[in-house]
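Before any comments, here is the structure.
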Amino acid sequence: MKFSRQLRMLHPREFKQVFNQPIRSSDPCFRVLARVNGKQHHRLGMAVSKKACSKAVGRNRIKRLVRESFRTQQAGQVSAGNLDFVVLPTAWATNQSNETLVKSLSVHWQKVCRKAEDSNDNSPKPNDG
RNA sequence: GGAGUCGGCCAGGCAAUCGCGUUUUCGUCCUUGUGACGAAAGGGAGGAAAGUCCGGGCUCCACAGGGCAGGGUGCCAGGUAACCUCUGGGAGGCGUGAGUCUACGGAAAGUGCAGCAGAAAAUAUACCGCCCGCCCCAUUAUUAAUAAUGUGGGCAGGUAAGGGUGAAAUGGUGCGGUAAGAGCGCACCGCGCAACUGGUAACAGUUUGUGGCAUGGUAAACCCCACCCGGAGCAAGACCAAAUAGGAAGACUAUAUCGUGGCCCGCGGUGUCUUCGGGUAGGUCGCUUGAGGUUGUUGGUGACAACAGUCCCAGAUGAAUGAUUGCCCACGACAGAACCCGGCUUACCGGCCGGCUCCCACU
């Protein structure tokens, strides 16, 4: 699959929308936030802080892994509505191998999509969990 | 062969599949454009891209001008757009040597500073000593006065040889000299000044003359001297332009105020008149052809320069340059361009090449 510029979130206001009322998924490596975007495709945004990784080389590595994972897995999946994803790596992720991070991400994608479908089905009812 | 020293180079490789920017070409579509989509081909991080410590280019402020303040540089010459820890040379320190290190101008313009130790730390001084003289004491000689002697005491003076302190104590060694001593005198060494010679110069000298010898250290303390430095930075700056708002440009000019930077001068705007276009979000440019790389020739010890040929080698902007698999090996460190160059500094797994020095062995 391709990963063109249209599949990326480019403006601060788009990030703000996701931060507003997101679907969450987190583990020691990443926090993933998502929200239905009402477009023809999923979109990806990243926020890799200097706090998470002080070296530019490390930040680039994480961003490339996230993009690659998104491209190979998420773009093919069909869910109730297309989503905007924002991936926030933690400082812990800096020291992990590529393999570990890729595994972690694929779990996140599935989890977020399932949650999105559930909330779409149950949206009329209040959640009594 | 071993030890060392200096310089240069590389920064895992190959293949397959998938993917991201960029440039060019071609095709399709339409709203005919700096368009969208697709295909092919080319190219896609570093030696430090880093730290932002210096120096420039470039942009705007006046064409960056005068003065004060402030800052930088600091042996000599050269190279450079400019700076430097660049190049060559000099001096001094270290090393057997190849080499290497040096904030390396001025302390007889002035001011300041120096713990402990030591007698004394800057107009030299005199603690222990050494020595002359006088007085007392003791002993000996002597009739006494007196004289001589002293591991003896005191007073006044002469000394800086010797001792000890310190990072540093007012030239060193020897001989003469003297009461003891002293550049007091002499020889040699060292030092200062002048001349001469060599060198563009710093500086040097088996050279000559002269001076008995002075001006201790510290200027990464103030300072003095010489030379240099305007400020801000690509979020510079230029252009296109929704919403919104009513100003903007040119000419002339007293005060006040702003641009303007640490300050003053100076310069430009706000004021008046004339004429109609200005501008935030966002976008485009700036943005990579350059003090460029590379090959050769010539000049130079060299840094480097000149000429000729040849090449185009990242240009992103929520920010591309990656992932997976297989094989090989030395098993892969530090680390990611953000306007561009020249240096410096710091980080770093390892590997390769060359010059030179010393030691050992063999011929």
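Naming scheme: A, B, ... for chains in displayed order of the structure tokens; residues 1 onward per chain; ligands 1 onward as shown.
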Would you mind listing, for every residue of chain B within 10 Å of chain A, the two atoms forming the shortest contact and the distance between them in Å to one decimal, using only C-alpha atoms (C1' of nucleotides), sorted by chain and ascending residue number, as JSON lines?
```
{"residue": "B:C18", "atom": "C1'", "partner": "A:Met1", "partner_atom": "CA", "distance": 8.1}
{"residue": "B:G19", "atom": "C1'", "partner": "A:Lys2", "partner_atom": "CA", "distance": 6.8}
{"residue": "B:C20", "atom": "C1'", "partner": "A:Phe3", "partner_atom": "CA", "distance": 7.7}
{"residue": "B:G318", "atom": "C1'", "partner": "A:Leu10", "partner_atom": "CA", "distance": 5.3}
{"residue": "B:G322", "atom": "C1'", "partner": "A:Arg64", "partner_atom": "CA", "distance": 6.5}
{"residue": "B:A323", "atom": "C1'", "partner": "A:Glu68", "partner_atom": "CA", "distance": 6.7}
{"residue": "B:A335", "atom": "C1'", "partner": "A:Val57", "partner_atom": "CA", "distance": 6.9}
{"residue": "B:G336", "atom": "C1'", "partner": "A:Val57", "partner_atom": "CA", "distance": 5.4}
```
Hey, can you spit out that residue selection with N, CA and C atoms (P, O5', C5', C4', C3', O3' and C1' of nucleotides) as a CSV table (one decimal), in the first residue's frame?
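again.csv, freshly written:
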```csv
chain,number,residue,atom,x,y,z
B,18,C,P,7.4,-5.0,-5.5
B,18,C,O5',7.1,-4.2,-4.2
B,18,C,C5',5.9,-4.6,-3.4
B,18,C,C4',5.9,-3.9,-2.1
B,18,C,C3',5.9,-2.4,-2.1
B,18,C,O3',4.7,-1.8,-2.4
B,18,C,C1',7.4,-3.2,-0.5
B,19,G,P,4.6,-0.4,-3.2
B,19,G,O5',5.3,0.6,-2.1
B,19,G,C5',4.5,1.0,-1.0
B,19,G,C4',5.3,1.8,0.0
B,19,G,C3',5.7,3.2,-0.4
B,19,G,O3',4.6,4.1,-0.4
B,19,G,C1',7.5,2.1,0.6
B,20,C,P,4.6,5.4,-1.3
B,20,C,O5',5.6,6.4,-0.4
B,20,C,C5',5.3,6.8,0.9
B,20,C,C4',6.4,7.7,1.4
B,20,C,C3',6.6,8.9,0.5
B,20,C,O3',5.7,9.9,0.7
B,20,C,C1',8.7,8.0,1.2
B,318,G,P,5.0,21.1,7.9
B,318,G,O5',5.0,19.6,8.5
B,318,G,C5',6.1,19.0,9.1
B,318,G,C4',5.7,18.1,10.1
B,318,G,C3',4.6,17.1,9.7
B,318,G,O3',4.9,15.8,10.2
B,318,G,C1',4.0,18.3,11.7
B,322,G,P,17.7,5.6,5.3
B,322,G,O5',16.8,4.5,6.1
B,322,G,C5',16.0,5.0,7.2
B,322,G,C4',14.6,4.4,7.1
B,322,G,C3',14.5,2.9,7.2
B,322,G,O3',14.7,2.4,8.5
B,322,G,C1',13.1,3.6,5.5
B,323,A,P,15.2,0.9,8.8
B,323,A,O5',14.0,0.0,8.4
B,323,A,C5',12.8,0.0,9.2
B,323,A,C4',11.8,-0.9,8.6
B,323,A,C3',12.2,-2.4,8.5
B,323,A,O3',12.0,-3.1,9.7
B,323,A,C1',11.2,-1.7,6.5
B,335,A,P,25.9,9.9,20.9
B,335,A,O5',25.6,11.0,19.8
B,335,A,C5',24.5,10.8,18.9
B,335,A,C4',24.9,11.2,17.5
B,335,A,C3',23.8,11.7,16.6
B,335,A,O3',23.6,13.1,16.7
B,335,A,C1',25.2,10.1,15.5
B,336,G,P,22.1,13.7,16.8
B,336,G,O5',21.8,14.1,15.3
B,336,G,C5',21.4,13.2,14.4
B,336,G,C4',21.5,13.8,13.0
B,336,G,C3',20.4,14.8,12.7
B,336,G,O3',20.8,15.9,11.9
B,336,G,C1',20.2,13.0,11.2
```
Write down as a ChimeraX atom specification the residues of stretch 30-109 of chain A whose backbone DSSP state falls under helix (DSSP H, G or I).
/A:56-76,91-95,98-109
Let's have the selection written as a compact mmCIF listing (two decimals), in the first residue's frame, with N, CA and C atoms.
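Final output, part27.txt:
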```
# COMPACT_ATOMS: atom_id res chain seq x y z
N ALA A 56 17.95 13.23 17.87
CA ALA A 56 17.19 13.32 16.63
C ALA A 56 17.16 11.98 15.90
N VAL A 57 18.25 11.24 15.98
CA VAL A 57 18.30 9.93 15.33
C VAL A 57 17.24 9.01 15.91
N GLY A 58 17.09 8.99 17.22
CA GLY A 58 16.11 8.14 17.87
C GLY A 58 14.70 8.54 17.50
N ARG A 59 14.43 9.85 17.45
CA ARG A 59 13.08 10.32 17.08
C ARG A 59 12.75 9.88 15.65
N ASN A 60 13.71 10.02 14.76
CA ASN A 60 13.47 9.61 13.38
C ASN A 60 13.17 8.12 13.29
N ARG A 61 13.90 7.31 14.05
CA ARG A 61 13.70 5.86 14.03
C ARG A 61 12.26 5.53 14.42
N ILE A 62 11.78 6.12 15.49
CA ILE A 62 10.43 5.81 15.97
C ILE A 62 9.39 6.24 14.95
N LYS A 63 9.58 7.43 14.40
CA LYS A 63 8.61 7.93 13.43
C LYS A 63 8.54 7.03 12.21
N ARG A 64 9.68 6.54 11.75
CA ARG A 64 9.70 5.67 10.58
C ARG A 64 9.00 4.35 10.88
N LEU A 65 9.23 3.83 12.08
CA LEU A 65 8.59 2.57 12.44
C LEU A 65 7.08 2.74 12.49
N VAL A 66 6.63 3.84 13.05
CA VAL A 66 5.19 4.06 13.17
C VAL A 66 4.57 4.19 11.79
N ARG A 67 5.20 4.96 10.94
CA ARG A 67 4.68 5.14 9.58
C ARG A 67 4.63 3.81 8.84
N GLU A 68 5.71 3.03 8.96
CA GLU A 68 5.78 1.75 8.25
C GLU A 68 4.68 0.81 8.73
N SER A 69 4.48 0.76 10.04
CA SER A 69 3.45 -0.10 10.60
C SER A 69 2.07 0.33 10.13
N PHE A 70 1.82 1.63 10.15
CA PHE A 70 0.55 2.17 9.69
C PHE A 70 0.29 1.79 8.25
N ARG A 71 1.31 1.95 7.42
CA ARG A 71 1.20 1.70 6.00
C ARG A 71 0.87 0.22 5.75
N THR A 72 1.64 -0.70 6.37
CA THR A 72 1.52 -2.12 6.05
C THR A 72 0.23 -2.72 6.61
N GLN A 73 -0.27 -2.23 7.74
CA GLN A 73 -1.39 -2.89 8.40
C GLN A 73 -2.68 -2.09 8.35
N GLN A 74 -2.65 -0.84 8.80
CA GLN A 74 -3.88 -0.14 9.10
C GLN A 74 -4.64 0.28 7.86
N ALA A 75 -3.91 0.72 6.85
CA ALA A 75 -4.59 1.27 5.67
C ALA A 75 -5.48 0.25 4.99
N GLY A 76 -5.15 -1.06 5.12
CA GLY A 76 -5.97 -2.10 4.51
C GLY A 76 -7.22 -2.43 5.30
N ALA A 91 9.18 7.55 26.75
CA ALA A 91 10.64 7.47 26.88
C ALA A 91 11.10 6.01 26.88
N TRP A 92 10.24 5.15 27.37
CA TRP A 92 10.54 3.71 27.41
C TRP A 92 10.78 3.16 26.00
N ALA A 93 10.02 3.66 25.03
CA ALA A 93 10.10 3.14 23.66
C ALA A 93 11.47 3.36 23.05
N THR A 94 12.18 4.39 23.48
CA THR A 94 13.48 4.73 22.92
C THR A 94 14.47 3.57 23.02
N ASN A 95 14.38 2.80 24.10
CA ASN A 95 15.37 1.75 24.33
C ASN A 95 14.93 0.39 23.80
N ASN A 98 13.30 -2.67 17.33
CA ASN A 98 12.30 -2.45 16.29
C ASN A 98 11.18 -3.47 16.37
N GLU A 99 11.58 -4.74 16.59
CA GLU A 99 10.61 -5.85 16.63
C GLU A 99 9.55 -5.60 17.71
N THR A 100 10.00 -5.25 18.89
CA THR A 100 9.10 -4.99 20.01
C THR A 100 8.12 -3.88 19.67
N LEU A 101 8.61 -2.82 19.10
CA LEU A 101 7.78 -1.65 18.82
C LEU A 101 6.74 -1.98 17.75
N VAL A 102 7.14 -2.73 16.73
CA VAL A 102 6.21 -3.08 15.65
C VAL A 102 5.09 -3.95 16.20
N LYS A 103 5.44 -4.93 17.06
CA LYS A 103 4.42 -5.78 17.68
C LYS A 103 3.45 -4.94 18.49
N SER A 104 3.99 -4.07 19.30
CA SER A 104 3.16 -3.20 20.14
C SER A 104 2.18 -2.41 19.29
N LEU A 105 2.66 -1.87 18.17
CA LEU A 105 1.82 -1.02 17.33
C LEU A 105 0.68 -1.82 16.69
N SER A 106 0.99 -3.03 16.22
CA SER A 106 -0.06 -3.80 15.54
C SER A 106 -1.18 -4.14 16.53
N VAL A 107 -0.83 -4.40 17.81
CA VAL A 107 -1.84 -4.61 18.84
C VAL A 107 -2.69 -3.36 19.01
N HIS A 108 -2.04 -2.19 19.03
CA HIS A 108 -2.76 -0.92 19.20
C HIS A 108 -3.76 -0.70 18.09
N TRP A 109 -3.37 -0.95 16.84
CA TRP A 109 -4.27 -0.68 15.70
C TRP A 109 -5.57 -1.48 15.87
```
Stretch 284-301 of chain B surroundings by only C-alpha atoms (C1' of nucleotides), 9 Å radius, close-in-sequence under 4 positions cut, as a PyMOL selection string
chain B and resi 57+81+88+234+237-240+305-313+315+339-342
Deliver the residues from the most recent selection as a file, using N, CA and C atoms (P, O5', C5', C4', C3', O3' and C1' of nucleotides), as a short mmCIF file (atom, residue, chain, number, x, y, z; two decimals), in the first residue's frame.
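selection-v1.cif written:
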```
data_model
loop_
_atom_site.label_atom_id
_atom_site.label_comp_id
_atom_site.auth_asym_id
_atom_site.auth_seq_id
_atom_site.Cartn_x
_atom_site.Cartn_y
_atom_site.Cartn_z
P G B 57 31.11 39.65 4.47
"O5'" G B 57 30.31 38.79 3.39
"C5'" G B 57 30.95 38.41 2.17
"C4'" G B 57 30.22 37.26 1.53
"C3'" G B 57 28.78 37.51 1.14
"O3'" G B 57 28.68 38.18 -0.10
"C1'" G B 57 28.94 35.42 2.25
P A B 81 40.55 34.96 -1.60
"O5'" A B 81 39.69 35.91 -0.66
"C5'" A B 81 39.11 37.11 -1.15
"C4'" A B 81 38.12 37.64 -0.13
"C3'" A B 81 38.60 37.58 1.31
"O3'" A B 81 39.27 38.77 1.65
"C1'" A B 81 36.48 36.53 1.13
P G B 88 54.33 23.96 7.63
"O5'" G B 88 55.43 25.09 7.45
"C5'" G B 88 56.20 25.14 6.25
"C4'" G B 88 56.98 26.43 6.16
"C3'" G B 88 57.94 26.71 7.31
"O3'" G B 88 59.15 25.99 7.20
"C1'" G B 88 56.71 28.66 6.82
P C B 234 17.37 33.29 12.54
"O5'" C B 234 16.57 33.49 11.19
"C5'" C B 234 17.15 33.34 9.93
"C4'" C B 234 16.05 33.20 8.89
"C3'" C B 234 15.68 31.76 8.57
"O3'" C B 234 14.30 31.71 8.25
"C1'" C B 234 16.43 32.82 6.61
P G B 237 13.37 41.29 8.64
"O5'" G B 237 13.14 41.14 7.07
"C5'" G B 237 13.75 42.05 6.17
"C4'" G B 237 13.94 41.46 4.80
"C3'" G B 237 12.72 41.50 3.87
"O3'" G B 237 12.49 42.79 3.34
"C1'" G B 237 13.83 39.41 3.68
P A B 238 10.97 43.21 2.92
"O5'" A B 238 10.72 42.42 1.55
"C5'" A B 238 11.40 42.83 0.36
"C4'" A B 238 11.10 41.90 -0.79
"C3'" A B 238 9.63 41.77 -1.17
"O3'" A B 238 9.17 42.84 -1.97
"C1'" A B 238 10.63 39.63 -1.09
P C B 239 7.63 43.31 -1.90
"O5'" C B 239 6.85 42.11 -2.60
"C5'" C B 239 6.93 41.94 -4.01
"C4'" C B 239 6.38 40.59 -4.44
"C3'" C B 239 4.88 40.40 -4.28
"O3'" C B 239 4.14 41.03 -5.32
"C1'" C B 239 6.00 38.46 -3.53
P C B 240 2.61 41.48 -5.08
"O5'" C B 240 1.81 40.11 -5.02
"C5'" C B 240 1.63 39.31 -6.20
"C4'" C B 240 0.84 38.06 -5.89
"C3'" C B 240 -0.53 38.28 -5.27
"O3'" C B 240 -1.48 38.60 -6.26
"C1'" C B 240 0.60 36.55 -4.11
P A B 305 43.32 29.38 -3.05
"O5'" A B 305 44.24 30.04 -4.15
"C5'" A B 305 44.55 31.43 -4.09
"C4'" A B 305 45.55 31.81 -5.15
"C3'" A B 305 45.09 31.58 -6.59
"O3'" A B 305 44.28 32.65 -7.04
"C1'" A B 305 47.28 30.73 -6.30
P A B 306 43.09 32.36 -8.12
"O5'" A B 306 43.90 32.20 -9.48
"C5'" A B 306 44.64 33.30 -10.00
"C4'" A B 306 45.47 32.86 -11.18
"C3'" A B 306 44.72 32.13 -12.28
"O3'" A B 306 44.05 33.02 -13.14
"C1'" A B 306 46.71 30.96 -11.76
P C B 307 42.61 32.59 -13.81
"O5'" C B 307 43.04 31.54 -14.92
"C5'" C B 307 43.87 31.96 -16.00
"C4'" C B 307 44.43 30.76 -16.74
"C3'" C B 307 43.41 29.77 -17.28
"O3'" C B 307 42.78 30.23 -18.47
"C1'" C B 307 45.18 28.59 -16.25
P A B 308 41.24 29.80 -18.79
"O5'" A B 308 41.38 28.28 -19.22
"C5'" A B 308 42.07 27.94 -20.43
"C4'" A B 308 42.28 26.44 -20.54
"C3'" A B 308 41.03 25.58 -20.41
"O3'" A B 308 40.24 25.58 -21.59
"C1'" A B 308 42.75 24.64 -19.11
P G B 309 38.63 25.36 -21.50
"O5'" G B 309 38.50 23.82 -21.09
"C5'" G B 309 38.83 22.81 -22.05
"C4'" G B 309 38.92 21.45 -21.39
"C3'" G B 309 37.63 20.86 -20.85
"O3'" G B 309 36.80 20.35 -21.88
"C1'" G B 309 39.38 20.49 -19.29
P U B 310 35.18 20.51 -21.77
"O5'" U B 310 34.81 19.55 -20.55
"C5'" U B 310 34.99 18.13 -20.67
"C4'" U B 310 34.89 17.46 -19.32
"C3'" U B 310 33.55 17.62 -18.62
"O3'" U B 310 32.59 16.70 -19.09
"C1'" U B 310 35.31 18.03 -17.09
P C B 311 31.00 17.07 -19.00
"O5'" C B 311 30.67 16.85 -17.46
"C5'" C B 311 30.74 15.55 -16.88
"C4'" C B 311 30.49 15.61 -15.39
"C3'" C B 311 29.18 16.26 -14.98
"O3'" C B 311 28.11 15.34 -15.08
"C1'" C B 311 30.94 17.08 -13.63
P C B 312 26.63 15.85 -15.51
"O5'" C B 312 26.09 16.49 -14.16
"C5'" C B 312 25.98 15.68 -12.99
"C4'" C B 312 25.70 16.54 -11.77
"C3'" C B 312 24.34 17.23 -11.79
"O3'" C B 312 23.74 17.16 -10.51
"C1'" C B 312 26.07 18.79 -11.38
P C B 313 22.99 15.85 -9.99
"O5'" C B 313 24.04 15.08 -9.07
"C5'" C B 313 23.63 14.30 -7.96
"C4'" C B 313 24.24 14.85 -6.65
"C3'" C B 313 24.07 16.38 -6.52
"O3'" C B 313 23.59 16.82 -5.25
"C1'" C B 313 26.37 15.75 -6.35
P G B 315 17.50 17.72 -4.65
"O5'" G B 315 16.79 18.48 -3.47
"C5'" G B 315 15.61 17.95 -2.85
"C4'" G B 315 15.29 18.71 -1.59
"C3'" G B 315 14.58 20.04 -1.80
"O3'" G B 315 13.70 20.28 -0.72
"C1'" G B 315 16.64 20.41 -0.71
P C B 339 17.68 27.25 8.12
"O5'" C B 339 18.51 27.57 6.80
"C5'" C B 339 17.98 27.24 5.55
"C4'" C B 339 18.89 27.74 4.45
"C3'" C B 339 20.36 27.34 4.57
"O3'" C B 339 20.59 26.00 4.16
"C1'" C B 339 20.20 29.62 4.00
P C B 340 21.84 25.20 4.72
"O5'" C B 340 23.03 25.87 3.92
"C5'" C B 340 23.09 25.77 2.50
"C4'" C B 340 24.26 26.57 1.99
"C3'" C B 340 25.59 26.17 2.59
"O3'" C B 340 26.07 25.00 1.98
"C1'" C B 340 25.39 28.54 2.55
P C B 341 27.25 24.20 2.63
"O5'" C B 341 28.46 25.03 2.05
"C5'" C B 341 29.73 24.87 2.62
"C4'" C B 341 30.58 26.07 2.33
"C3'" C B 341 31.79 26.16 3.22
"O3'" C B 341 32.83 25.35 2.68
"C1'" C B 341 30.69 28.24 3.25
P G B 342 33.54 24.29 3.63
"O5'" G B 342 34.66 25.20 4.31
"C5'" G B 342 35.46 26.05 3.50
"C4'" G B 342 36.31 26.93 4.37
"C3'" G B 342 36.87 26.25 5.60
"O3'" G B 342 38.02 25.50 5.28
"C1'" G B 342 35.95 28.34 6.20
#
```
Please identify every residue of stretch 204-270 of chain B that has at least one atom no farther than 9 Å from an atom of stretch 66-76 of chain B, counting only C-alpha atoms (C1' of nucleotides), and for each give the shortest atom pair and the distance in Å to one decimal, arranged by chain then increasing number, as a tab-separated table.
```
residue	atom	partner	partner_atom	distance
B:A226	C1'	B:G74	C1'	8.8
B:C227	C1'	B:U73	C1'	8.0
B:C228	C1'	B:U73	C1'	7.4
B:C229	C1'	B:G72	C1'	7.3
B:G262	C1'	B:A69	C1'	7.5
B:C263	C1'	B:A69	C1'	7.6
B:C264	C1'	B:C68	C1'	7.8
B:C265	C1'	B:G66	C1'	7.5
B:G266	C1'	B:G66	C1'	8.1
```
Written selection (C-alpha atoms (C1' of nucleotides)) as a compact mmCIF listing (two decimals), in the first residue's frame:
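Saved result, selection_17.txt, follows:
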```
# COMPACT_ATOMS: atom_id res chain seq x y z
C1' A B 226 49.67 48.58 17.88
C1' C B 227 45.95 46.70 14.63
C1' C B 228 40.74 45.19 13.87
C1' C B 229 35.30 45.30 14.97
C1' G B 262 24.99 50.58 25.25
C1' C B 263 25.05 56.21 24.64
C1' C B 264 25.55 61.00 21.82
C1' C B 265 25.68 63.22 16.90
C1' G B 266 23.83 62.29 12.21
```
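For the choices A:Gln110, A:Glu14, A:Glu117, A:Pro89, the atom-to-atom distance to A:Pro28 is smallest for A:Pro89 when using only C-alpha atoms.
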What's around B:A221 at 12 Å? Count only C-alpha atoms (C1' of nucleotides), leave out sequence neighbours fewer than 6 positions away in its own chain, and write the answer as a list in words.
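Result of the neighbour search: U111, G112 and C113 of chain B.
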Got time to write the residues from that selection, C-alpha atoms (C1' of nucleotides), as a CSV table (one decimal), in the first residue's frame?
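Saved the output as selection-v5.csv:
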```csv
chain,number,residue,atom,x,y,z
B,111,U,C1',48.3,51.8,40.3
B,112,G,C1',47.6,47.2,42.7
B,113,C,C1',48.7,42.0,44.7
```
Using DSSP on the backbone coordinates, identify the residues of stretch 4-128 of chain A assigned to strand (DSSP E); present them as a list in words.
Ile23, Arg24, Ser25, Ser26, Phe30, Arg31, Val32, Leu33, Ala34, Arg35, Val36, Arg43, Leu44, Gly45, Met46, Leu83, Asp84, Phe85, Val86, Val87, Leu88 and Pro89 of chain A
